[in-house]
>>> print(open('data-v7.cif').read())   # mmCIF, C-alpha atoms
data_protein
#
loop_
_atom_site.label_atom_id
_atom_site.label_comp_id
_atom_site.auth_asym_id
_atom_site.auth_seq_id
_atom_site.Cartn_x
_atom_site.Cartn_y
_atom_site.Cartn_z
CA MET A 1 0.00 0.00 0.00
CA SER A 2 2.80 2.30 0.76
CA LEU A 3 4.34 1.40 -2.56
CA LYS A 4 1.18 2.35 -4.39
CA LYS A 5 1.08 5.67 -2.62
CA SER A 6 4.65 6.26 -3.47
CA LEU A 7 3.97 5.67 -7.17
CA ILE A 8 0.99 7.99 -7.06
CA TYR A 9 3.12 10.60 -5.36
CA VAL A 10 5.80 10.23 -8.03
CA ILE A 11 3.27 10.54 -10.83
CA LEU A 12 1.83 13.68 -9.29
CA LEU A 13 5.32 15.13 -9.07
CA LEU A 14 5.97 14.36 -12.73
CA LEU A 15 2.63 15.91 -13.78
CA THR A 16 3.40 18.92 -11.69
CA ALA A 17 6.82 19.22 -13.30
CA LEU A 18 5.30 18.89 -16.75
CA VAL A 19 2.74 21.60 -16.00
CA PHE A 20 5.41 23.97 -14.72
CA SER A 21 7.65 23.13 -17.64
CA GLY A 22 4.93 24.12 -20.16
CA CYS A 23 4.29 27.43 -18.40
CA GLY A 24 7.97 28.29 -18.46
CA SER A 25 8.27 27.75 -22.22
CA LYS A 26 5.36 30.10 -22.85
CA ALA A 27 6.74 32.91 -20.61
CA ALA A 28 10.18 32.90 -22.17
CA PRO A 29 9.13 34.34 -25.54
CA ALA A 30 7.19 37.03 -23.77
CA GLN A 31 10.28 37.96 -21.80
CA GLU A 32 12.34 37.91 -24.98
CA VAL A 33 9.84 40.24 -26.70
CA SER A 34 9.90 42.59 -23.74
CA ALA A 35 13.67 42.60 -23.76
CA ALA A 36 13.69 43.36 -27.52
CA GLU A 37 11.27 46.23 -27.07
CA SER A 38 13.37 47.57 -24.23
CA GLY A 39 16.50 47.34 -26.40
CA GLU A 40 14.77 49.17 -29.25
CA LYS A 41 13.63 51.89 -26.90
CA SER A 42 17.13 52.21 -25.50
CA ALA A 43 18.54 52.50 -29.03
CA GLN A 44 16.00 55.20 -29.88
CA ALA A 45 16.82 57.12 -26.73
CA GLU A 46 20.52 56.87 -27.45
CA ALA A 47 19.98 58.09 -31.02
CA GLN A 48 17.87 60.96 -29.77
CA GLU A 49 20.55 61.87 -27.24
CA THR A 50 23.22 61.73 -29.94
CA LYS A 51 21.13 63.89 -32.24
CA SER A 52 20.62 66.55 -29.56
CA SER A 53 24.37 66.74 -28.93
CA GLU A 54 25.16 67.45 -32.58
CA PRO A 55 25.34 71.15 -33.70
CA SER A 56 22.29 72.57 -35.41
CA ALA A 57 22.46 72.53 -39.20
CA GLU A 58 20.15 75.56 -39.58
CA ALA A 59 21.33 78.25 -42.03
CA PRO A 60 22.75 81.33 -40.27
CA GLN A 61 20.47 84.35 -40.30
CA ALA A 62 21.54 87.51 -42.10
CA PRO A 63 22.74 90.19 -39.67
CA SER A 64 20.07 92.73 -38.76
CA SER A 65 20.39 96.40 -39.66
CA GLU A 66 21.24 97.13 -36.03
CA THR A 67 24.47 95.13 -36.22
CA LYS A 68 25.42 96.43 -39.69
CA PRO A 69 28.57 98.52 -39.34
CA GLN A 70 27.88 102.20 -39.87
CA GLU A 71 29.87 104.12 -42.43
CA ASP A 72 32.27 106.49 -40.72
CA PRO A 73 31.32 110.01 -41.86
CA ALA A 74 34.78 111.20 -40.92
CA SER A 75 36.28 108.97 -43.64
CA LYS A 76 34.52 111.01 -46.31
CA PRO A 77 36.48 114.14 -47.37
CA ALA A 78 34.58 117.30 -46.46
CA ALA A 79 33.82 119.83 -49.16
CA SER A 80 36.50 122.47 -49.20
CA GLN A 81 35.47 125.91 -48.06
CA PRO A 82 36.56 129.02 -49.91
CA ALA A 83 39.05 131.12 -47.99
CA GLY A 84 37.51 134.23 -46.52
CA LYS A 85 38.67 137.65 -47.60
CA ASP A 86 40.77 139.34 -44.97
CA ASN A 87 39.09 142.74 -44.87
CA ALA A 88 39.92 145.56 -42.54
CA PRO A 89 37.27 146.13 -39.85
CA SER A 90 34.79 148.91 -40.41
CA ALA A 91 33.93 151.41 -37.69
CA ASP A 92 30.44 151.61 -39.22
CA ASP A 93 30.00 147.85 -38.54
CA PRO A 94 31.76 147.22 -35.20
CA GLY A 95 29.80 144.05 -34.41
CA LYS A 96 31.15 142.13 -37.38
CA THR A 97 33.56 139.30 -36.50
CA ALA A 98 35.63 136.93 -38.58
CA GLN A 99 34.16 133.51 -39.29
CA PRO A 100 36.06 130.55 -37.84
CA SER A 101 38.00 128.54 -40.36
CA GLN A 102 36.74 125.08 -41.38
CA PRO A 103 38.51 122.05 -39.84
CA GLU A 104 40.97 120.17 -42.00
CA ASN A 105 39.82 116.98 -43.80
CA LYS A 106 40.58 113.69 -42.03
CA PRO A 107 43.53 111.75 -43.62
CA ALA A 108 42.53 108.75 -45.74
CA ASP A 109 44.59 106.26 -43.70
CA ALA A 110 43.18 107.36 -40.35
CA PRO A 111 41.45 104.52 -38.43
CA ALA A 112 37.70 104.57 -38.63
CA GLN A 113 36.02 105.85 -35.52
CA THR A 114 32.78 107.41 -34.46
CA ALA A 115 32.79 111.03 -35.58
CA PRO A 116 32.89 113.31 -32.52
CA ALA A 117 30.19 115.90 -32.07
CA ALA A 118 31.12 119.36 -33.32
CA PRO A 119 32.34 121.48 -30.41
CA SER A 120 30.26 124.49 -29.51
CA ASP A 121 31.66 127.97 -29.81
CA ASP A 122 31.76 128.16 -26.01
CA THR A 123 34.16 125.23 -25.62
CA LYS A 124 37.00 126.79 -27.55
CA PRO A 125 36.71 130.55 -28.02
CA ALA A 126 38.67 132.03 -30.89
CA GLU A 127 41.67 134.04 -29.86
CA LYS A 128 41.02 137.70 -30.35
CA THR A 129 43.88 139.29 -32.23
CA GLU A 130 44.35 142.59 -33.95
CA PRO A 131 43.90 142.20 -37.72
CA ALA A 132 47.02 143.12 -39.65
CA ALA A 133 46.61 145.81 -42.25
CA PRO A 134 47.35 144.32 -45.69
CA SER A 135 50.03 145.85 -47.87
CA GLU A 136 47.74 145.45 -50.89
CA PRO A 137 44.39 145.86 -49.11
CA ALA A 138 41.17 144.42 -50.35
CA ALA A 139 38.04 146.53 -50.19
CA PRO A 140 36.22 146.29 -46.83
CA SER A 141 32.77 144.83 -46.59
CA GLU A 142 30.03 147.16 -47.72
CA GLN A 143 27.30 145.59 -45.64
CA PRO A 144 25.37 148.43 -44.01
CA SER A 145 24.98 148.25 -40.27
CA ASN A 146 22.37 149.62 -37.93
CA THR A 147 24.82 152.06 -36.38
CA ASP A 148 24.47 154.89 -38.85
CA ALA A 149 23.37 158.37 -37.89
CA LYS A 150 19.72 157.73 -38.67
CA SER A 151 19.24 154.85 -36.26
CA GLU A 152 21.59 155.83 -33.44
CA ALA A 153 21.35 159.59 -33.41
CA PRO A 154 17.82 160.60 -32.38
CA ALA A 155 17.19 164.29 -32.77
CA GLU A 156 16.37 166.27 -29.66
CA GLY A 157 13.76 168.97 -29.88
CA ASN A 158 12.78 168.39 -33.52
CA GLY A 159 11.48 164.79 -33.43
CA GLY A 160 14.19 163.65 -35.82
CA LYS A 161 12.78 165.73 -38.70
CA LYS A 162 14.84 168.01 -40.87
CA LYS A 163 14.75 171.64 -40.02
CA LYS A 164 14.25 174.20 -42.73
CA ASP A 165 17.42 174.85 -44.73
CA SER A 166 19.18 177.76 -43.08
CA TYR A 167 21.82 178.30 -45.77
CA SER A 168 19.63 179.61 -48.59
CA GLY A 169 20.57 176.90 -51.09
CA PHE A 170 24.31 177.32 -50.53
CA PHE A 171 24.94 173.56 -50.85
CA GLU A 172 22.54 173.03 -53.75
CA ASP A 173 25.38 172.65 -56.27
CA SER A 174 27.61 170.69 -53.92
CA LEU A 175 28.55 167.01 -53.85
CA PHE A 176 29.10 165.14 -50.57
CA ILE A 177 31.14 161.93 -50.67
CA GLY A 178 31.27 160.04 -47.40
CA ASP A 179 30.50 157.30 -44.91
CA SER A 180 27.84 157.07 -42.17
CA ARG A 181 28.90 160.36 -40.56
CA SER A 182 28.35 162.12 -43.89
CA VAL A 183 24.98 160.38 -44.15
CA GLY A 184 24.06 162.06 -40.84
CA LEU A 185 25.43 165.41 -42.03
CA VAL A 186 23.25 165.36 -45.17
CA GLU A 187 20.17 164.09 -43.32
CA TYR A 188 20.30 166.28 -40.21
CA GLY A 189 22.74 169.11 -40.94
CA ASN A 190 20.30 171.59 -42.53
CA VAL A 191 22.33 171.60 -45.74
CA GLY A 192 19.31 171.57 -48.05
CA GLU A 193 19.37 168.96 -50.80
CA PRO A 194 22.91 168.57 -52.12
CA THR A 195 23.99 165.67 -54.32
CA ALA A 196 25.12 162.92 -51.98
CA PHE A 197 27.25 159.89 -52.78
CA CYS A 198 27.20 158.65 -49.18
CA HIS A 199 26.81 155.19 -47.70
CA THR A 200 27.49 153.40 -44.43
CA GLY A 201 30.85 151.65 -44.71
CA LEU A 202 32.10 153.70 -47.66
CA SER A 203 35.87 154.20 -47.85
CA VAL A 204 38.63 155.11 -50.30
CA TYR A 205 39.05 151.37 -50.87
CA ASN A 206 35.53 150.59 -52.05
CA TYR A 207 33.88 153.75 -53.41
CA ASP A 208 34.29 152.40 -56.96
CA ASN A 209 32.98 148.88 -56.21
CA ASP A 210 29.23 149.48 -56.51
CA ASP A 211 26.82 152.03 -57.90
CA LEU A 212 24.75 154.02 -55.41
CA ASP A 213 21.27 155.45 -55.81
CA VAL A 214 21.81 159.23 -56.13
CA ALA A 215 18.89 161.65 -56.33
CA GLY A 216 18.62 163.15 -59.82
CA PHE A 217 20.98 160.55 -61.33
CA GLY A 218 19.59 157.16 -60.35
CA LYS A 219 21.98 154.27 -59.68
CA ILE A 220 25.40 155.50 -60.69
CA SER A 221 29.10 155.07 -59.95
CA LEU A 222 31.17 157.88 -58.47
CA ALA A 223 33.32 158.11 -61.61
CA ASP A 224 30.23 158.59 -63.81
CA LEU A 225 28.70 161.01 -61.31
CA LEU A 226 31.80 163.23 -61.43
CA GLU A 227 31.85 163.03 -65.20
CA LEU A 228 28.15 163.80 -65.77
CA GLY A 229 27.47 166.22 -62.92
CA SER A 230 28.52 169.84 -62.41
CA PHE A 231 29.50 170.90 -58.88
CA ASP A 232 30.86 174.08 -57.33
CA ARG A 233 32.10 172.30 -54.23
CA VAL A 234 32.97 168.66 -53.42
CA TYR A 235 33.14 167.54 -49.77
CA VAL A 236 35.06 164.37 -48.91
CA GLY A 237 34.04 162.90 -45.53
CA LEU A 238 35.92 159.60 -45.39
CA GLY A 239 38.58 158.05 -43.17
CA ILE A 240 37.08 156.30 -40.14
CA ASN A 241 36.68 152.99 -42.02
CA GLU A 242 40.21 153.17 -43.38
CA LEU A 243 41.99 152.98 -40.01
CA GLY A 244 42.54 149.22 -40.28
CA TYR A 245 44.73 149.62 -43.36
CA ALA A 246 48.32 150.72 -43.74
CA GLU A 247 48.30 154.50 -43.37
CA ASP A 248 50.66 155.12 -46.30
CA THR A 249 48.35 153.19 -48.63
CA THR A 250 45.30 155.03 -47.30
CA VAL A 251 46.90 158.44 -47.91
CA GLN A 252 47.82 157.34 -51.43
CA LYS A 253 44.20 156.30 -52.06
CA PHE A 254 42.97 159.68 -50.81
CA GLY A 255 45.38 161.39 -53.20
CA GLU A 256 44.01 159.34 -56.11
CA LEU A 257 40.44 160.29 -55.20
CA ILE A 258 41.31 163.99 -55.02
CA ASP A 259 43.04 163.78 -58.41
CA MET A 260 39.97 162.12 -59.93
CA ILE A 261 37.76 164.93 -58.60
CA LYS A 262 40.13 167.58 -59.98
CA ALA A 263 40.21 165.93 -63.40
CA ASN A 264 36.41 165.74 -63.73
CA GLN A 265 35.44 168.93 -61.83
CA PRO A 266 38.31 171.34 -62.52
CA SER A 267 36.38 174.42 -61.40
CA ALA A 268 35.17 172.94 -58.11
CA ASN A 269 36.76 173.56 -54.73
CA ILE A 270 37.48 170.38 -52.79
CA TYR A 271 36.99 170.23 -49.01
CA VAL A 272 38.48 167.37 -47.00
CA LEU A 273 36.60 166.91 -43.72
CA ALA A 274 38.75 165.78 -40.80
CA ASN A 275 37.77 162.52 -39.11
CA LEU A 276 35.85 163.21 -35.93
CA HIS A 277 37.26 161.62 -32.79
CA VAL A 278 35.68 158.72 -30.90
CA THR A 279 35.05 158.88 -27.15
CA ALA A 280 37.87 158.21 -24.70
CA ALA A 281 36.13 155.00 -23.62
CA ARG A 282 36.24 153.54 -27.12
CA SER A 283 39.67 154.91 -27.88
CA ARG A 284 41.16 153.09 -24.88
CA LYS A 285 39.67 149.73 -25.82
CA ASP A 286 39.79 149.81 -29.64
CA LYS A 287 43.18 149.02 -31.14
CA ILE A 288 42.03 150.08 -34.61
CA HIS A 289 39.55 152.93 -34.23
CA ASN A 290 41.24 155.11 -31.64
CA ASN A 291 42.10 158.79 -31.43
CA GLY A 292 45.81 158.26 -31.88
CA LYS A 293 45.27 156.74 -35.32
CA ILE A 294 42.60 159.32 -36.15
CA ASP A 295 44.96 162.22 -35.35
CA SER A 296 47.77 160.64 -37.36
CA LEU A 297 45.58 160.17 -40.44
CA ASN A 298 44.08 163.67 -40.10
CA SER A 299 47.57 165.14 -40.11
CA ARG A 300 48.47 163.24 -43.27
CA LEU A 301 45.23 164.28 -44.99
CA GLU A 302 45.80 167.92 -44.13
CA SER A 303 49.17 167.68 -45.88
CA LEU A 304 47.34 166.80 -49.12
CA CYS A 305 45.49 170.11 -49.03
CA ASP A 306 46.94 173.32 -50.52
CA GLY A 307 44.53 175.62 -48.68
CA THR A 308 43.27 177.15 -51.94
CA LYS A 309 41.58 174.58 -54.18
CA VAL A 310 41.82 171.73 -51.69
CA ILE A 311 40.87 172.84 -48.17
CA PHE A 312 40.99 170.94 -44.87
CA ILE A 313 38.11 171.50 -42.38
CA ASP A 314 38.58 170.20 -38.82
CA GLY A 315 35.35 169.91 -36.81
CA ASN A 316 36.89 168.18 -33.78
CA PRO A 317 37.18 171.34 -31.61
CA LEU A 318 33.38 171.63 -31.75
CA PHE A 319 32.75 168.24 -30.17
CA ASP A 320 35.84 167.32 -28.15
CA ASP A 321 35.75 166.99 -24.36
CA GLY A 322 38.93 169.06 -23.87
CA ASN A 323 41.18 165.99 -23.84
CA GLY A 324 41.20 165.23 -27.55
CA ALA A 325 38.25 162.82 -27.48
CA LEU A 326 34.62 163.01 -28.59
CA SER A 327 32.49 164.19 -25.68
CA GLU A 328 29.96 161.66 -24.45
CA ASP A 329 27.44 164.51 -24.36
CA PHE A 330 27.31 164.47 -28.18
CA THR A 331 27.11 160.73 -28.97
CA GLY A 332 25.09 157.68 -28.07
CA ASP A 333 27.43 155.02 -29.50
CA ASN A 334 30.91 156.52 -28.85
CA THR A 335 31.37 157.25 -32.58
CA HIS A 336 28.44 159.00 -34.28
CA LEU A 337 26.98 162.40 -33.38
CA TYR A 338 23.45 162.87 -32.14
CA ALA A 339 21.22 164.32 -34.88
CA ARG A 340 20.98 167.62 -32.98
CA CYS A 341 24.76 168.06 -33.32
CA TYR A 342 25.01 167.92 -37.12
CA PRO A 343 23.79 171.51 -37.72
CA THR A 344 26.71 172.72 -35.58
CA TRP A 345 29.10 170.82 -37.84
CA SER A 346 27.44 172.02 -41.06
CA GLN A 347 27.59 175.62 -39.80
CA LEU A 348 31.38 175.30 -39.54
CA ILE A 349 31.52 173.79 -43.04
CA TYR A 350 29.40 176.62 -44.39
CA GLU A 351 31.59 179.27 -42.77
CA SER A 352 34.76 177.60 -44.07
CA SER A 353 33.37 177.21 -47.60
CA LYS A 354 31.94 180.67 -48.27
CA GLN A 355 35.29 182.45 -47.93
#
>>> encode(input="data-v7.cif", output="structure tokens")
Amino acid sequence: MSLKKSLIYVILLLLTALVFSGCGSKAAPAQEVSAAESGEKSAQAEAQETKSSEPSAEAPQAPSSETKPQEDPASKPAASQPAGKDNAPSADDPGKTAQPSQPENKPADAPAQTAPAAPSDDTKPAEKTEPAAPSEPAAPSEQPSNTDAKSEAPAEGNGGKKKKDSYSGFFEDSLFIGDSRSVGLVEYGNVGEPTAFCHTGLSVYNYDNDDLDVAGFGKISLADLLELGSFDRVYVGLGINELGYAEDTTVQKFGELIDMIKANQPSANIYVLANLHVTAARSRKDKIHNNGKIDSLNSRLESLCDGTKVIFIDGNPLFDDGNGALSEDFTGDNTHLYARCYPTWSQLIYESSKQ
């Protein structure tokens, strides 16, 4: 009986082994499939990791306009500027200053750099120097200023209007040639209506540059005016605008003007009006228009006069302060007379001319 049980027990063991053996053969392929899938996934992950580590093959983008190098404006040669004319300063236009010169062009081999901002006039003021008088002077600027007798010499007591001519037509056949002081003399001096070739800034260096509008003649040059007109007396009131030139050259130019008047108006008497002084305040500060230079030129002009056909008239004693300077009582700008003062000057001219 025990043997039979033993056989049964053995058979059950074999059946059990067979059952477990069949289950194991079925599970193995499943494990193999799972392992294959896991290997494939690992390969894909490795490939993905490899791909991410490689540099991108995208085409580089074109640089934006912000990163585009700017062209250096300093590398371009600047247009050359014409050299300015070195004119002597005019007393009729004291506010005029020389223009600063243009900077030099940048050399071609200079390294490119950002062009610096132009400095303001305040950062580097121009050195103020006395202009040298040229040996062969160019004509001064003829730009009129606002400092002539009309604008700066208000009349007192007559509202700036002309008074009635007090010389009975004495100057009717006269010609006045002059600068802004002569403009004031003709406008406010009670001289009637003489022929006047007068203009602010006029000098012996530029009287033949432009035609002037002359009553009775229209726009005309001085040479044509002397040739076409007929005058008993010619008054020359120039000199203040010539002080910036070499005195010898200025005196020579005055001599040429007097000779031209003599040649075209042989019967006329010529009167050279002395330059009026400036105030002591201006004379001290102004290296060009000062009383020392005025007195020197007046002395040279007087030497051109013979006292008969060419006569020198000095009006300075009428307006000086006692120290050889224009009295501040007679001027508002240190140079030109008040309108009320011109009749005093014209009275002296009348008295000196009627003899």
>>> atom_distance(input="data-v7.cif", atom1="CA of Ser180 (chain A)", atom2="CA of Ile240 (chain A)")
9.5 Å
>>> resolve_selection(input="data-v7.cif", expression="the PyMOL selection byres ((chain A and resi 290) around 10)", output="count of residues only")
21
>>> atom_distance(input="data-v7.cif", atom1="CA of Ile349 (chain A)", atom2="CA of Thr331 (chain A)")
19.7 Å
>>> atom_distance(input="data-v7.cif", atom1="CA of Leu276 (chain A)", atom2="CA of Ala215 (chain A)")
26.6 Å
>>> closest_residue(input="data-v7.cif", among="A:Asp179, A:Glu172, A:Asp210, A:Asp329", to="Arg233 (chain A)", atoms="all atoms listed in the file")
A:Glu172
>>> closest_residue(input="data-v7.cif", among="A:Cys198, A:Val310, A:Leu326, A:Leu337", to="Val272 (chain A)", atoms="all atoms listed in the file")
A:Val310
>>> resolve_selection(input="data-v7.cif", expression="the PyMOL selection byres ((chain A and resi 224) around 12)", output="PyMOL selection string")
chain A and resi 197+208+210-212+214+217-223+225-230+260-261+264-265
>>> resolve_selection(input="data-v7.cif", expression="the PyMOL selection byres ((chain A and resi 313) around 12)", output="PyMOL selection string")
chain A and resi 235-237+270-276+298-299+301-302+305+307+310-312+314-318+345-353
>>> closest_residue(input="data-v7.cif", among="A:Leu297, A:Ala196, A:Val186, A:Val234", to="Val251 (chain A)", atoms="all atoms listed in the file")
A:Leu297
>>> decode(input="data-v7.cif", residues="region 190-224 of chain A", atoms="C-alpha atoms", output="mmCIF file, in the first residue's frame")
data_model
loop_
_atom_site.group_PDB
_atom_site.id
_atom_site.type_symbol
_atom_site.label_atom_id
_atom_site.label_comp_id
_atom_site.auth_asym_id
_atom_site.auth_seq_id
_atom_site.Cartn_x
_atom_site.Cartn_y
_atom_site.Cartn_z
ATOM 1 C CA ASN A 190 20.302 171.587 -42.532
ATOM 2 C CA VAL A 191 22.326 171.601 -45.740
ATOM 3 C CA GLY A 192 19.307 171.567 -48.054
ATOM 4 C CA GLU A 193 19.368 168.958 -50.797
ATOM 5 C CA PRO A 194 22.909 168.573 -52.118
ATOM 6 C CA THR A 195 23.991 165.674 -54.318
ATOM 7 C CA ALA A 196 25.121 162.925 -51.980
ATOM 8 C CA PHE A 197 27.251 159.890 -52.784
ATOM 9 C CA CYS A 198 27.204 158.648 -49.184
ATOM 10 C CA HIS A 199 26.806 155.187 -47.699
ATOM 11 C CA THR A 200 27.486 153.397 -44.428
ATOM 12 C CA GLY A 201 30.855 151.647 -44.710
ATOM 13 C CA LEU A 202 32.097 153.702 -47.662
ATOM 14 C CA SER A 203 35.867 154.202 -47.847
ATOM 15 C CA VAL A 204 38.635 155.111 -50.304
ATOM 16 C CA TYR A 205 39.052 151.368 -50.867
ATOM 17 C CA ASN A 206 35.531 150.585 -52.054
ATOM 18 C CA TYR A 207 33.880 153.748 -53.413
ATOM 19 C CA ASP A 208 34.288 152.396 -56.959
ATOM 20 C CA ASN A 209 32.976 148.878 -56.214
ATOM 21 C CA ASP A 210 29.230 149.477 -56.507
ATOM 22 C CA ASP A 211 26.823 152.027 -57.897
ATOM 23 C CA LEU A 212 24.752 154.022 -55.408
ATOM 24 C CA ASP A 213 21.271 155.447 -55.812
ATOM 25 C CA VAL A 214 21.809 159.227 -56.134
ATOM 26 C CA ALA A 215 18.888 161.650 -56.331
ATOM 27 C CA GLY A 216 18.621 163.150 -59.816
ATOM 28 C CA PHE A 217 20.981 160.547 -61.328
ATOM 29 C CA GLY A 218 19.586 157.156 -60.346
ATOM 30 C CA LYS A 219 21.976 154.275 -59.683
ATOM 31 C CA ILE A 220 25.401 155.502 -60.685
ATOM 32 C CA SER A 221 29.098 155.066 -59.953
ATOM 33 C CA LEU A 222 31.168 157.881 -58.470
ATOM 34 C CA ALA A 223 33.316 158.113 -61.607
ATOM 35 C CA ASP A 224 30.227 158.587 -63.810
#
